[in-house]
Every structure is written in C-alpha cells, then in structure tokens.
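Read through the structure below, which is laid out as structure tokens, and then see the notes.
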Amino acid sequence: MSIHEWFKRKQKAKEPVQTRERLDIPGNLWVKCYKCGQAIFSRDLEANLKVCPKCQYHFRLTAGERIRQLVDEGTFKEIDPKVRSRDFLEFKDSRPYAKRIEASILKSSLSDAIVTGTCQIAKQPAALGIMDFSFMGGSMGSVVGEKIARLIELACEKKLPVIILSASGGARMQEGIMSLMQMAKTSAALGKLRETGLPYVSICTDPTTGGTSASYAMLGDINIAEPNALIGFAGPRVIEQTIRQKLPPGFQRSEYLLEHGMIDVVCHRKELRLTLSRILNWFNER
Amino acid sequence: MSIHEWFKRKQKAKEPVQTRERLDIPGNLWVKCYKCGQAIFSRDLEANLKVCPKCQYHFRLTAGERIRQLVDEGTFKEIDPKVRSRDFLEFKDSRPYAKRIEASILKSSLSDAIVTGTCQIAKQPAALGIMDFSFMGGSMGSVVGEKIARLIELACEKKLPVIILSASGGARMQEGIMSLMQMAKTSAALGKLRETGLPYVSICTDPTTGGTSASYAMLGDINIAEPNALIGFAGPRVIEQTIRQKLPPGFQRSEYLLEHGMIDVVCHRKELRLTLSRILNWFNER
Amino acid sequence: MKDKSKKLSGIMLDFEKPLQELYDKLDNLTAVSDEGKLEMTEEIRLMEKRIESARRDIYSKLTPIQIVQVARHMKRPTTLEHIDSIFTDFVELHGDRNFADDPALVTGIAKLDSRSVVVMGHQKGRTTKENIYRRFGMANPEGYRKALRVMRIAERYNKPIISFIDTSGAYPGIGAEERGQAEAIAKNLREMAELTVPFIAVVTGEGGSGGALGIGMGNRVLMLEFAIYSVISPEGCASILFRDAKRANEAAVAMKITAPDLLELGVVDEIIKEPIGGAHSDGKLTSHLIKAAIIKNLDPLLKLSHRELIADRYNKFRKMGVFLED
Amino acid sequence: MKDKSKKLSGIMLDFEKPLQELYDKLDNLTAVSDEGKLEMTEEIRLMEKRIESARRDIYSKLTPIQIVQVARHMKRPTTLEHIDSIFTDFVELHGDRNFADDPALVTGIAKLDSRSVVVMGHQKGRTTKENIYRRFGMANPEGYRKALRVMRIAERYNKPIISFIDTSGAYPGIGAEERGQAEAIAKNLREMAELTVPFIAVVTGEGGSGGALGIGMGNRVLMLEFAIYSVISPEGCASILFRDAKRANEAAVAMKITAPDLLELGVVDEIIKEPIGGAHSDGKLTSHLIKAAIIKNLDPLLKLSHRELIADRYNKFRKMGVFLED
Ligand SMILES: [Zn+2]
Ligand SMILES: [Zn+2]
C-alpha cells in the first residue's frame, strides 16, 4: 500500500535522491537545503552530520554515512554481503525487475536496501542493520527480510542488542506476496529476540512507512525517530483519497508520532550517538 | 472520588433504595418503573427478573435475588459470613461509622456489601462474589476487599473460575486509606488467579464506579455489563465540575463503554445465566 | 428457483453474463410449469444441469482479475456467516480495552464441535449502511488490538485460534494513523509468532496486505479457491507501476495473487474448494467445506507442545523469501 | 539572601506568616550591611539562626490540613527535579504505544549511581502554562499505560523500578473516562502485583486516590515527612460527609492522611525527613535524602529472587485491611 507512496515520491519530490547525487559529484561544493533554501558548503554540511545548520533539516543518509556517524571507527563487520534479490516472479512493469535490481546495485554499490553487521557503539557491542533509501526506495523484499532475520538470529546467538535504522517506503511490490511475508518473518525474529531477553532499539528515519513501519520499525523496546521524519502505515495520498479530506499539519511526522504515543524519543542527529550509547549502557549494566 | 457520587445519589436519586423497600413491604403489590413510569404488578416484575417489561429498565437486585436468578438451586455455599467492618479510624461524620455499620447490618441483614461463596451455574462450579448496593452503597472497605481476596484464593486452591458481580459507588471513605488499599489487594489476588491459569468473569451492574471499577470490576478476562448500568471511574458530577461542560448522552453507561472497548458483552438480565454458562463451559472444556 | 436466478442475475459478474440467457430460459420453463400448462420437470432438470455445467466451465477458466471480482463479490459469505455455520455457542467479545470496539474485525469464543476455540475475522457488510458501519471490513488499530487481546485469552486458556481473512486492507484514515495502525499490526505479527496455541488462518475473500496478515500468521494458512492474497490491490499496483489503475488485470497476473499461485509459493498450505460457481452460490456449503478443512488441519496441531507450535510457526514464516547468495 | 526571603515570602503559607517579620528584619540587616555602613555579619548569622529555629518550631507542630498545604506547595520539588538530582543518564521515554504521550506522568530509564533503573512519576508544572500542559499532574489513562509499558521494560531486562507519587488524583475528564481510566489503573494494579523486579514507590507530595496507587504498589512505599496519601481529598471528603468543603480540616484529621498516620497503619514503610521548613525550602537536599532512602531500601530487595519479590509485594498488600471476624 505504501510502496505506492515511494514511487509517487520518486517521481515528484526528487529531493533526497538528487541531494545524494549532487554531493557525489566532486567539485559540486555547494548544496541547497531542500527545506529552507540555504546554500551550504558541502564540507560544512558533512561536518554537521548532513543537518542544515540553519533550519535543522535532516538530509537523508546512505548506509555508509550512517556507519561513519554512529559506529566506533573500524568496528563495523558486515555480514551477509552477498545476499541478493532474485526476480522469481519474472515481474515486469515499465522495466523488468531483474534489470531494476542490476541498475540499483550499480548505482548504489549496495547489494540491496539494507546493510547488516556487528559493531561497537561507544565501546558497546551491537548488531546493527541500516536501511538505505537510495536502493529502490529502501523497499523491503526477500533480501531485506532475510538479512534482518539473520541479523537478529546472530544477535540471539551472540547475545547482542539489536539496532535497526529504517528508511523505507514499504514492501517491494515486484516480489508480490513474498514481500508481505517479510513483515511476518522479521517480526517473528524479533519475537525470538525478545524471548531470548535481548533488547531492540528501532530508529525511524525519513521515511519509514508501509510494511516496514508495520513490522520491525515499530517494535523497538525503545523507538527513536529523527526529527520531522515521515513515519506511518498508509501513505498520505492514499489517506487523502480515502477520506477526501486534507491532512492536518505535521501529520505522520516524528513529532506527531511522539505526541500520539508511538515514539519514545525524537532525537536530533547530533544527539543520536550519545542517546544510543546511554541506552545500550542502561541495558548492559545491572 | 466516586464515593462522592454515591452519597450525592443517595440524597437525590433515591430510586433504587426506595424500590427495594417498596417491594419488601407485603401488600405493596404495584411498583412504578423509575424509567418509564409504567405500573408493574410486583409478582410480574419478580417473574421478569426485575426488569421492566415495557422499557427493559433493570432494577437493582439484592445479593439474595442474584443468587436466586443465577445459581443452580441449593448450590450456593457462602464463605466468610462473619467478616465484619470495624471502625478502626473512629471515623465520625454526621454519625459515627460504627453506628452506620450497625444500622446497615440491621437494615439489610447482610454482614457487609458483598456476599461470597461457591456455587454451580448450569452445573458448572464457580467461585462467586455478589456485591449489594443496599449496604452502604456497595462501598468497598476492608471487608469487601478481604472477602474478595479470600474468594479468589479459595478459587486458586480449588481450581474454580471466579465471577464477581459489582454494584458499588466505590471506596468506603470511612476507612480512609485502607479502603484505597483494597484496590491493590483485590487486584493482586486477581493477578495470582491469572498466574494460576484460572478465568475471571466480571459483571458490572448499576452502578460500578470509583475504586471498584478501577480494580476488580474492569479486570475480567471477559467483562459483562447489564444494560444501561453506570460504569466509570470519576463520578459524572466531579467530571462536570472539572471540565465545566455537559456530559454527552449515555456517558458512562454500559453501551457507551461497549463502544469504547471496555466491555465485551452488554447482556440483558434474561440472557445472563445462559451467557455465563456458555462462557464457563468454554473455559472448562478443552 | 425463480427467486434464486433473479437474485443471482441482479449481481451477475461480467463473465457470468453467458449464464443469464440460460437463467432466463429456466425462468420461462418454471413459469410455464407453475402455471400448470405443461409438465416440464424433466426440462427444468436438464436446464439446471446445463447451468451447472456452464457455471463449472466458466469458473474453471477464470483469469486472475476475474478471481478478484469473485473474491470481492457482494454476496460472498462473510466472517459472521461462516462463524454462524461452522461453530456453536458463539459469544462475541468486543473491545480493545483501550479506545474502542471495532466492528470491522469481529472476535469471540465458540465451540468447534466439542472443542473450545477463539475465532476472529474481518467483517464486511451486506448493505451500504452495514458496510459503512463495518468500514468495508477495513480494521482500525483497535480491531487488531482487540484481536490480540482475544488471542491472549486463547493462549492463557490453551485454546486454538481460527481467523478468517477478508479485507482489502487496514483502514487508511487519520485516526487510524494517529492511534498507531503500523504499531498495532506490527505487534500482532510479533505476538502471533510467539503464540503457544494452534492457529489456523483461512483466507476467505480478499487478503489485502498488512491488514490481512495482521491476523494471519497461522500455523496453517488455508485459502478458498477463489480468494486472493496480495501485498497491494491490483488497482493500486497498476496505478503505481503502470501509471494506470485500469491495467489492474496485468497487475493481478504479475503479482501472483490466486490460491494456486500462493500454494506454489508456499504462502498457503491448502486450497479449500468452493461450490460450483463460487462461494456466493452456496454459502452454507462453503462454510461446511471450510469447517472440514479446519478440523483436518487443526487436529494434528493439537498434538504439538507449546514449543513445537512456536517452532512450527517460526519455521514456516522464517523460510519465506526467494533470493540469491553466492 | 535578600532574594531568597522575598521569593519565599511571596508564596508564604498562612501559618508561615510569623516568619515574615523575621525575614523583614533580616532584609534590613543585609541592606545595611551591603551599604557598608555597619559590619552586621554576626547579627545576620543570629537572625538566620532565629529564622531556622522558628521554621523548625512551626514545622514541628503542623496540623493535618497545614501539612496538606505543604504537600501542595507550589515550590515543592517535582518529579523531574528529583530525577535530575537523584539519577544520571536519564532518557525520558514517551508514549503508551496506543493513543498519546501523557505529560502528566513522566517515565524513563536512568542510572542510580551504577544501577540501571526505571523511573516514573506524576509531573506537576511550575507555571500556569506548564500546569495546563501537565494537567496539574493528573494523569490520563495514557499516563498509566505508558507507566505499565515502561514497567514491563524494567521487568524484561530485570531492572528495579522507582516511582514518585505526586498527584491530586487521576484526571476526571470525558476523554479519560472514554479511554478507560478505570481499566488503566486496574490493570496497573494487577500487573504491579506480579512484577518480578524490585519496586520502590515514594510519595513525594500529594498521594491522591487511585491516581496515586496506579503507580504505587511498591515492595516498599516511602513517604516524605509532609506528603499526604488519601483515598479522597480532604475537601472532597468534607463536601460529601459534612456537606461543606470548608470543613476540610476536620476531614483531614478524620481520614488519617499524614505520614506518621500511614506509617502506623502499615501503608507506608518509612518516612523520609524533609529539610527544616519543608521540601520547598531546599529541593536539592530533599532529593538527596530521598536518594539515600531509596538506596537503603533497594539494596536488600536486589537480593531477592523473582518469586520472593512477588511474594513480598503480595503479602504486603494482602494484609492491608482492618476488620472483625468471630
Ligand atoms: Zn535548511
Ligand atoms: Zn420501564
């Protein structure tokens, strides 16, 4: 349902994708903030964790950027880098799914929309999953589900807390029902984690919608969100079409969800590492 | 807080107390329905389980009447009939608490606001507690709390399901903080019952408010309510005073609570025994 | 019979139109017969046979988008109708103990022959009024929370759970989002995985996305022959991928949403045959076929321990997914 | 010092008025001293001693209704202030995962020295605006449900729970009733009874009825010297029993709501002394006294097993009640 949104957003509000591209081009030294229009020197934006210094707009991050910002240097060990999507339905819209996968891999140099591994954060070990919106809108197919399930099972085995950063438009339509089943698979794995007595912290970043929000993203012992992230089940447009009514301001944004009891902490990117380390420390110490 | 209400109601809307008295006087053959004004022949009202045949208004019942209506004849065995209230705070308002107790015992021929025991309902054994509003507005003091706790502990021991019919304005102010603690005591006993794996069915009758509603009355695996019973935490007048606003129609009535998710079944008195027997049967059979 | 054909023709699906002619003929025959002018019993019998055979023929060759129409058929039996036919001593339980009772998802306790079970399912309406009340079977978070509450009763007292899936999806409304539609479904998924009791889910009509899965993590997932189950509606998929909702037929094919497809993908364990002409042609019979399938699948599960039941469910969903690794 | 006396006098309680004269004198002395005309250090010291002694004297003879005033004092330290002084690394957790976050009841994780604990408490405001936001510390069902959620986190990860009680009661509003104020409190009571972790409740200000008890079923219940704890407010009690809210003083006496009364009744385990002149005269010191009492009571509980903790709590509340039997 909300993969819906992902596609629509891709066509219309191209901002985050563009941003990434611009920043990737060497010599493109200035970036314009998509919220306030401020021109920001690339290096300053980078140094500011890709948060607009003027309006605090949080630019989207790649998995690599997340690792650099959050994880103790050199401690991230990726697992399952070779799990890749397969076009088992031979699904074809304007382009065959197989081609889409290929193109996305080439463009992003990721194998799919999530990177998983073990790491240390402020010297505390954790199992970490990081979704990357730049890979097919962070859509959740068999690979995302499998890698999350494996990450959690590894955490159960090694007694690690689990942290997942979500950035996803929802299920990957090109895998049909199988993408829906990833919601069940990942949630079941989290059930096992819980039974094992290990903590799980979910971090919702812009956007966290559809099947992703209706499974692992909402199931943290503690749910954190970055400011102003879009978080919800149904996409705003689907809701507007259904109820034939304008949506209230701030609807489905982090602060709104905080007020409505779904999020524990709305955390500025600058505070994220500190907050995470406090939380991990709290779980670890008696 | 809602014992508040009980007193106020006692002063203003005397209906249920009067009803009982009228019906107790031999020769008083006709009763007027307090809701629709219909004159009803006492024997017909009795035969109709004290429900107005015209408007379905459910008259309040004594503990004795409840037993006759619900329990297999001759199977009710009372426990703890000798537990009585004590004026340990030497509490005195317009009248000393000790005198109030004495008078209530004389008037009602009950030892306090609840009768507890074991019984069979449609041949299925159960531990049964029945509150009686005619004893000091069904207020919950040490005796009510103690008898409920003992009932539940007996159920744990004998592996019986527990059924409690509430009819109470809330805590008994004359026992101060100790009446509040009965909420904790009875709820803790229900916790033990739950851990033991035994079911509990709560039946809310008019009224079930204050400390009673905020403890055992709302904790049923299944919560049943008689139609149009007043059920809530704060009394309607307290709420009106706080919010300076009129209350919506039907507020805090059974049907309203059903709509708001607090009650499983609003059950006409004629269906109560059948519904209970179905539920007990469901729990009993594999 | 007259009535029946009229009633059916009134809500005939496009591809059923060839039957209309036959029904008209049947009507004529019975009219003549009723007037007593001619003894037409044999002719009527033959015509009925012809209709049945035509129906069988049509229903054996349905395309995916036609199956979608059957799955959504206004006369398709609803959850409460199945409950009424399959179980006895049903007591409907209301409310999530938090905010509201959701009429779009019904729950309760009942007896399956002598077994005590918990039942639940999405509930569509028959009339427009009813459908508005039932929100067309699209549940709010309260529906999922009620279901969870009742599943926990099942677990506490060790009773199996039977769920009936028939929704186009969870309700996409402002209130639903505010009150945590995503959270409610997510929590159900995690909790269903950990249930210590046998759980059978039956896809009876539309299995729409997370709203279906939210009560669908059974140890066994059964599916009616002409039900569908998909991650998004064919129209939704088409309007996104082909930029044209009218190409829903292509989307229905591409997404593999029919019972045989899902059986092959391992998402569904068993297909329950529908009466000739689909469930709407004989609701009672459909219910009885479902009942038999439930009992057949439930009884072996009753022999499993709590741990085995959890493991069984975990393994079932754990292995779902197709990917490459080298 | 000048500032301090002014600030205090601005919110002086009736029975503190005798101190006003002394504070005025102190102001004069310090003014003279500040102007450099005379060296008044010794006089100032003596006056401060006199004030302290007068304060001590007044606070040693408070009547129940005066204690009620102290318990409700606008400057009495609030839960977040206590948390700030007692714990480190506090992360506030928001929301009940159902409907809303309730600012009238705050919860979070924190460290008590090296121990990881869960903390929670009713939160009153300091300003009118804040009080409206915090609903004067009167929680909605969401507050109690958030508390329960966080208590379950404590239980899952085996951390002790510390709660701070300071509310005139659960909020009596339409929405609160609709969303099950009674249910929320009742469930908390049952669940608190079954917690497998050490639980210490501290009545810091007003312990108002079910709204207080809703987070109050500790293995140990501690109480500040001038806090109160009662089944109904003295005003509420008086308006019902004496038909006159102004007779609250009588009700306050009759209901036995002060710390010594409650200690005697066995409802409270320990009284925490307040600084001279009450908690509002020195918030930091109050917090430190509370901290010491928490640690003293917590450490023995940390040695108990899960079963022992449940039994300890059960027995504590099981024996509450006074009745006759013969
Ligand atoms: Zn900006
Ligand atoms: Zn009437």
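Each chain in the structure tokens gets a letter, A, B and so on, in the order shown; residues start at 1 in every chain, and ligands are counted from 1 in the order they appear.
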- Could you please extract the residues within 9 Å of ligand 2, counting only C-alpha atoms and all ligand atoms, and hand them back as a PyMOL selection string? chain B and resi 32-40+51-58
Filtering to N, CA, C and O atoms, could you give me those residues as a PDB file, in the first residue's frame?
ATOM      1  N   LYS B  32     -43.823   1.185  40.475  1.00  0.00           N
ATOM      2  CA  LYS B  32     -43.763   2.063  39.321  1.00  0.00           C
ATOM      3  C   LYS B  32     -42.346   2.010  38.755  1.00  0.00           C
ATOM      4  O   LYS B  32     -41.370   2.125  39.502  1.00  0.00           O
ATOM      5  N   CYS B  33     -42.223   1.821  37.450  1.00  0.00           N
ATOM      6  CA  CYS B  33     -40.895   1.788  36.845  1.00  0.00           C
ATOM      7  C   CYS B  33     -40.260   3.172  36.943  1.00  0.00           C
ATOM      8  O   CYS B  33     -40.899   4.169  36.613  1.00  0.00           O
ATOM      9  N   TYR B  34     -39.024   3.215  37.405  1.00  0.00           N
ATOM     10  CA  TYR B  34     -38.382   4.508  37.589  1.00  0.00           C
ATOM     11  C   TYR B  34     -37.955   5.150  36.287  1.00  0.00           C
ATOM     12  O   TYR B  34     -37.613   6.305  36.253  1.00  0.00           O
ATOM     13  N   LYS B  35     -37.961   4.375  35.253  1.00  0.00           N
ATOM     14  CA  LYS B  35     -37.551   4.973  33.986  1.00  0.00           C
ATOM     15  C   LYS B  35     -38.753   5.411  33.161  1.00  0.00           C
ATOM     16  O   LYS B  35     -38.826   6.557  32.735  1.00  0.00           O
ATOM     17  N   CYS B  36     -39.698   4.489  32.962  1.00  0.00           N
ATOM     18  CA  CYS B  36     -40.795   4.814  32.055  1.00  0.00           C
ATOM     19  C   CYS B  36     -42.102   5.102  32.794  1.00  0.00           C
ATOM     20  O   CYS B  36     -43.091   5.500  32.169  1.00  0.00           O
ATOM     21  N   GLY B  37     -42.115   4.895  34.100  1.00  0.00           N
ATOM     22  CA  GLY B  37     -43.306   5.221  34.862  1.00  0.00           C
ATOM     23  C   GLY B  37     -44.389   4.150  34.840  1.00  0.00           C
ATOM     24  O   GLY B  37     -45.406   4.265  35.513  1.00  0.00           O
ATOM     25  N   GLN B  38     -44.178   3.123  34.098  1.00  0.00           N
ATOM     26  CA  GLN B  38     -45.137   2.019  33.988  1.00  0.00           C
ATOM     27  C   GLN B  38     -45.434   1.415  35.372  1.00  0.00           C
ATOM     28  O   GLN B  38     -44.516   1.176  36.155  1.00  0.00           O
ATOM     29  N   ALA B  39     -46.710   1.194  35.658  1.00  0.00           N
ATOM     30  CA  ALA B  39     -47.067   0.481  36.887  1.00  0.00           C
ATOM     31  C   ALA B  39     -46.978  -1.018  36.615  1.00  0.00           C
ATOM     32  O   ALA B  39     -47.536  -1.510  35.637  1.00  0.00           O
ATOM     33  N   ILE B  40     -46.224  -1.706  37.457  1.00  0.00           N
ATOM     34  CA  ILE B  40     -45.995  -3.135  37.216  1.00  0.00           C
ATOM     35  C   ILE B  40     -46.441  -3.913  38.450  1.00  0.00           C
ATOM     36  O   ILE B  40     -46.132  -3.527  39.586  1.00  0.00           O
ATOM     37  N   VAL B  51     -36.959  -6.779  35.687  1.00  0.00           N
ATOM     38  CA  VAL B  51     -36.724  -5.921  34.522  1.00  0.00           C
ATOM     39  C   VAL B  51     -38.088  -5.398  34.088  1.00  0.00           C
ATOM     40  O   VAL B  51     -39.039  -6.175  33.980  1.00  0.00           O
ATOM     41  N   CYS B  52     -38.175  -4.106  33.873  1.00  0.00           N
ATOM     42  CA  CYS B  52     -39.461  -3.522  33.459  1.00  0.00           C
ATOM     43  C   CYS B  52     -39.870  -4.138  32.123  1.00  0.00           C
ATOM     44  O   CYS B  52     -39.118  -4.089  31.151  1.00  0.00           O
ATOM     45  N   PRO B  53     -41.072  -4.734  32.059  1.00  0.00           N
ATOM     46  CA  PRO B  53     -41.473  -5.408  30.816  1.00  0.00           C
ATOM     47  C   PRO B  53     -41.686  -4.404  29.682  1.00  0.00           C
ATOM     48  O   PRO B  53     -41.629  -4.778  28.522  1.00  0.00           O
ATOM     49  N   LYS B  54     -41.896  -3.145  30.042  1.00  0.00           N
ATOM     50  CA  LYS B  54     -42.166  -2.157  28.998  1.00  0.00           C
ATOM     51  C   LYS B  54     -40.869  -1.568  28.431  1.00  0.00           C
ATOM     52  O   LYS B  54     -40.655  -1.588  27.225  1.00  0.00           O
ATOM     53  N   CYS B  55     -40.017  -1.042  29.315  1.00  0.00           N
ATOM     54  CA  CYS B  55     -38.846  -0.306  28.807  1.00  0.00           C
ATOM     55  C   CYS B  55     -37.527  -1.042  29.049  1.00  0.00           C
ATOM     56  O   CYS B  55     -36.456  -0.530  28.732  1.00  0.00           O
ATOM     57  N   GLN B  56     -37.600  -2.202  29.640  1.00  0.00           N
ATOM     58  CA  GLN B  56     -36.411  -3.026  29.895  1.00  0.00           C
ATOM     59  C   GLN B  56     -35.461  -2.421  30.942  1.00  0.00           C
ATOM     60  O   GLN B  56     -34.303  -2.822  31.051  1.00  0.00           O
ATOM     61  N   TYR B  57     -35.971  -1.460  31.710  1.00  0.00           N
ATOM     62  CA  TYR B  57     -35.154  -0.927  32.799  1.00  0.00           C
ATOM     63  C   TYR B  57     -34.814  -2.049  33.775  1.00  0.00           C
ATOM     64  O   TYR B  57     -35.674  -2.812  34.190  1.00  0.00           O
ATOM     65  N   HIS B  58     -33.530  -2.158  34.095  1.00  0.00           N
ATOM     66  CA  HIS B  58     -33.083  -3.200  35.027  1.00  0.00           C
ATOM     67  C   HIS B  58     -33.056  -2.644  36.447  1.00  0.00           C
ATOM     68  O   HIS B  58     -32.208  -1.814  36.768  1.00  0.00           O
TER      69      HIS B  58
END
So that each row is one residue of chain B with an atom at most 7 Å from chain D, can you give its shortest atom pair and the distance in Å to one decimal, using only C-alpha atoms, rows by chain and rising number, as JSON lines?
{"residue": "B:Met1", "atom": "CA", "partner": "D:Ile232", "partner_atom": "CA", "distance": 5.5}
{"residue": "B:His4", "atom": "CA", "partner": "D:Ile240", "partner_atom": "CA", "distance": 5.9}
{"residue": "B:Phe7", "atom": "CA", "partner": "D:Ile240", "partner_atom": "CA", "distance": 6.6}
{"residue": "B:Lys82", "atom": "CA", "partner": "D:Glu325", "partner_atom": "CA", "distance": 5.5}
{"residue": "B:Val83", "atom": "CA", "partner": "D:Glu325", "partner_atom": "CA", "distance": 4.6}
{"residue": "B:Arg84", "atom": "CA", "partner": "D:Leu324", "partner_atom": "CA", "distance": 5.0}
{"residue": "B:Ser85", "atom": "CA", "partner": "D:Phe323", "partner_atom": "CA", "distance": 4.9}
{"residue": "B:Arg86", "atom": "CA", "partner": "D:Phe323", "partner_atom": "CA", "distance": 4.9}
{"residue": "B:Phe88", "atom": "CA", "partner": "D:Val322", "partner_atom": "CA", "distance": 6.9}
{"residue": "B:Phe91", "atom": "CA", "partner": "D:Ala254", "partner_atom": "CA", "distance": 5.9}
{"residue": "B:Asp93", "atom": "CA", "partner": "D:Leu241", "partner_atom": "CA", "distance": 5.7}
{"residue": "B:Ser94", "atom": "CA", "partner": "D:Phe242", "partner_atom": "CA", "distance": 6.8}
{"residue": "B:Ser142", "atom": "CA", "partner": "D:Gly321", "partner_atom": "CA", "distance": 4.6}
{"residue": "B:Val143", "atom": "CA", "partner": "D:Phe323", "partner_atom": "CA", "distance": 6.2}
{"residue": "B:Met173", "atom": "CA", "partner": "D:Val231", "partner_atom": "CA", "distance": 6.9}
{"residue": "B:Gly176", "atom": "CA", "partner": "D:Met255", "partner_atom": "CA", "distance": 4.9}
{"residue": "B:Ile177", "atom": "CA", "partner": "D:Ser230", "partner_atom": "CA", "distance": 5.1}
{"residue": "B:Met178", "atom": "CA", "partner": "D:Gly321", "partner_atom": "CA", "distance": 5.8}
{"residue": "B:Leu180", "atom": "CA", "partner": "D:Val231", "partner_atom": "CA", "distance": 5.4}
{"residue": "B:Met181", "atom": "CA", "partner": "D:Met320", "partner_atom": "CA", "distance": 6.5}
{"residue": "B:Ala184", "atom": "CA", "partner": "D:Leu189", "partner_atom": "CA", "distance": 5.8}
{"residue": "B:Lys185", "atom": "CA", "partner": "D:Arg318", "partner_atom": "CA", "distance": 5.2}
{"residue": "B:Ser187", "atom": "CA", "partner": "D:Arg190", "partner_atom": "CA", "distance": 4.7}
{"residue": "B:Ala188", "atom": "CA", "partner": "D:Ala193", "partner_atom": "CA", "distance": 5.1}
{"residue": "B:Leu190", "atom": "CA", "partner": "D:Arg190", "partner_atom": "CA", "distance": 6.7}
{"residue": "B:Gly191", "atom": "CA", "partner": "D:Arg190", "partner_atom": "CA", "distance": 5.2}
{"residue": "B:Gly211", "atom": "CA", "partner": "D:Gly210", "partner_atom": "CA", "distance": 6.8}
{"residue": "B:Ser213", "atom": "CA", "partner": "D:Ala182", "partner_atom": "CA", "distance": 5.6}
{"residue": "B:Ala214", "atom": "CA", "partner": "D:Ala182", "partner_atom": "CA", "distance": 4.0}
{"residue": "B:Ser215", "atom": "CA", "partner": "D:Ala186", "partner_atom": "CA", "distance": 4.2}
{"residue": "B:Tyr216", "atom": "CA", "partner": "D:Ala186", "partner_atom": "CA", "distance": 6.9}
{"residue": "B:Met218", "atom": "CA", "partner": "D:Glu183", "partner_atom": "CA", "distance": 5.3}
{"residue": "B:Leu219", "atom": "CA", "partner": "D:Lys187", "partner_atom": "CA", "distance": 6.7}
{"residue": "B:Gly232", "atom": "CA", "partner": "D:Glu177", "partner_atom": "CA", "distance": 6.4}
{"residue": "B:Phe233", "atom": "CA", "partner": "D:Ala182", "partner_atom": "CA", "distance": 5.0}
{"residue": "B:Ala234", "atom": "CA", "partner": "D:Pro172", "partner_atom": "CA", "distance": 5.6}
{"residue": "B:Val238", "atom": "CA", "partner": "D:Pro172", "partner_atom": "CA", "distance": 7.0}
{"residue": "B:Ile239", "atom": "CA", "partner": "D:Pro172", "partner_atom": "CA", "distance": 5.2}
{"residue": "B:Thr242", "atom": "CA", "partner": "D:Pro172", "partner_atom": "CA", "distance": 6.9}
{"residue": "B:Ile243", "atom": "CA", "partner": "D:Gly173", "partner_atom": "CA", "distance": 6.6}
{"residue": "B:His260", "atom": "CA", "partner": "D:Glu178", "partner_atom": "CA", "distance": 6.1}
{"residue": "B:Met262", "atom": "CA", "partner": "D:Gly180", "partner_atom": "CA", "distance": 6.7}
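Atom CA of Asn140 of chain D is found 19.6 Å from atom CA of Arg253 of chain B.
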- Message: For the structure I just gave you, how does DSSP split segment 63-121 of chain B - specifically, which residues are alpha helix (DSSP H)? Reply as a PyMOL selection string.
- Response: chain B and resi 63-70+97-108
- For Ile79 of chain B, list every protein, DNA or RNA residue within 8 Å, evaluated using only C-alpha atoms, and leave out those in the same chain fewer than 2 positions away; present the list as an MDAnalysis selection string. chainID B and resid 77 81 116:118 151
For the selection you just gave me, I'd like the residues written to a file as a PDB file, in the first residue's frame, keeping N, CA and C atoms.
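Result written to part23.pdb:
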ATOM      1  N   LYS B  77     -22.899 -21.970  48.459  1.00  0.00           N
ATOM      2  CA  LYS B  77     -22.378 -22.162  49.819  1.00  0.00           C
ATOM      3  C   LYS B  77     -21.587 -20.923  50.195  1.00  0.00           C
ATOM      4  N   PRO B  81     -19.014 -15.623  56.231  1.00  0.00           N
ATOM      5  CA  PRO B  81     -20.171 -14.768  56.515  1.00  0.00           C
ATOM      6  C   PRO B  81     -19.938 -13.869  57.733  1.00  0.00           C
ATOM      7  N   THR B 116     -20.014 -13.759  49.395  1.00  0.00           N
ATOM      8  CA  THR B 116     -19.122 -14.601  48.595  1.00  0.00           C
ATOM      9  C   THR B 116     -19.380 -16.076  48.890  1.00  0.00           C
ATOM     10  N   GLY B 117     -19.081 -16.900  47.923  1.00  0.00           N
ATOM     11  CA  GLY B 117     -19.265 -18.332  48.141  1.00  0.00           C
ATOM     12  C   GLY B 117     -18.941 -19.141  46.903  1.00  0.00           C
ATOM     13  N   THR B 118     -19.176 -20.415  47.007  1.00  0.00           N
ATOM     14  CA  THR B 118     -19.017 -21.277  45.836  1.00  0.00           C
ATOM     15  C   THR B 118     -20.406 -21.705  45.390  1.00  0.00           C
ATOM     16  N   LEU B 151     -12.006 -15.151  48.504  1.00  0.00           N
ATOM     17  CA  LEU B 151     -12.743 -15.873  47.458  1.00  0.00           C
ATOM     18  C   LEU B 151     -11.789 -16.302  46.342  1.00  0.00           C
TER      19      LEU B 151
END
- Message: As an exercise, work out the distance from atom CA of Lys147 of chain B to atom CA of Arg68 of chain B in Å and give it to one decimal place.
- Response: 20.7 Å
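For Cys119 of chain B, the residues within 9 Å (counting only C-alpha atoms, excluding itself and residues fewer than 3 positions away along the chain) are Val71, Asp72, Gly74, Thr75, Phe76, Lys77, Glu78, Lys123, Gln124, Pro125, Ala126, Ala127 and Leu128 of chain B.
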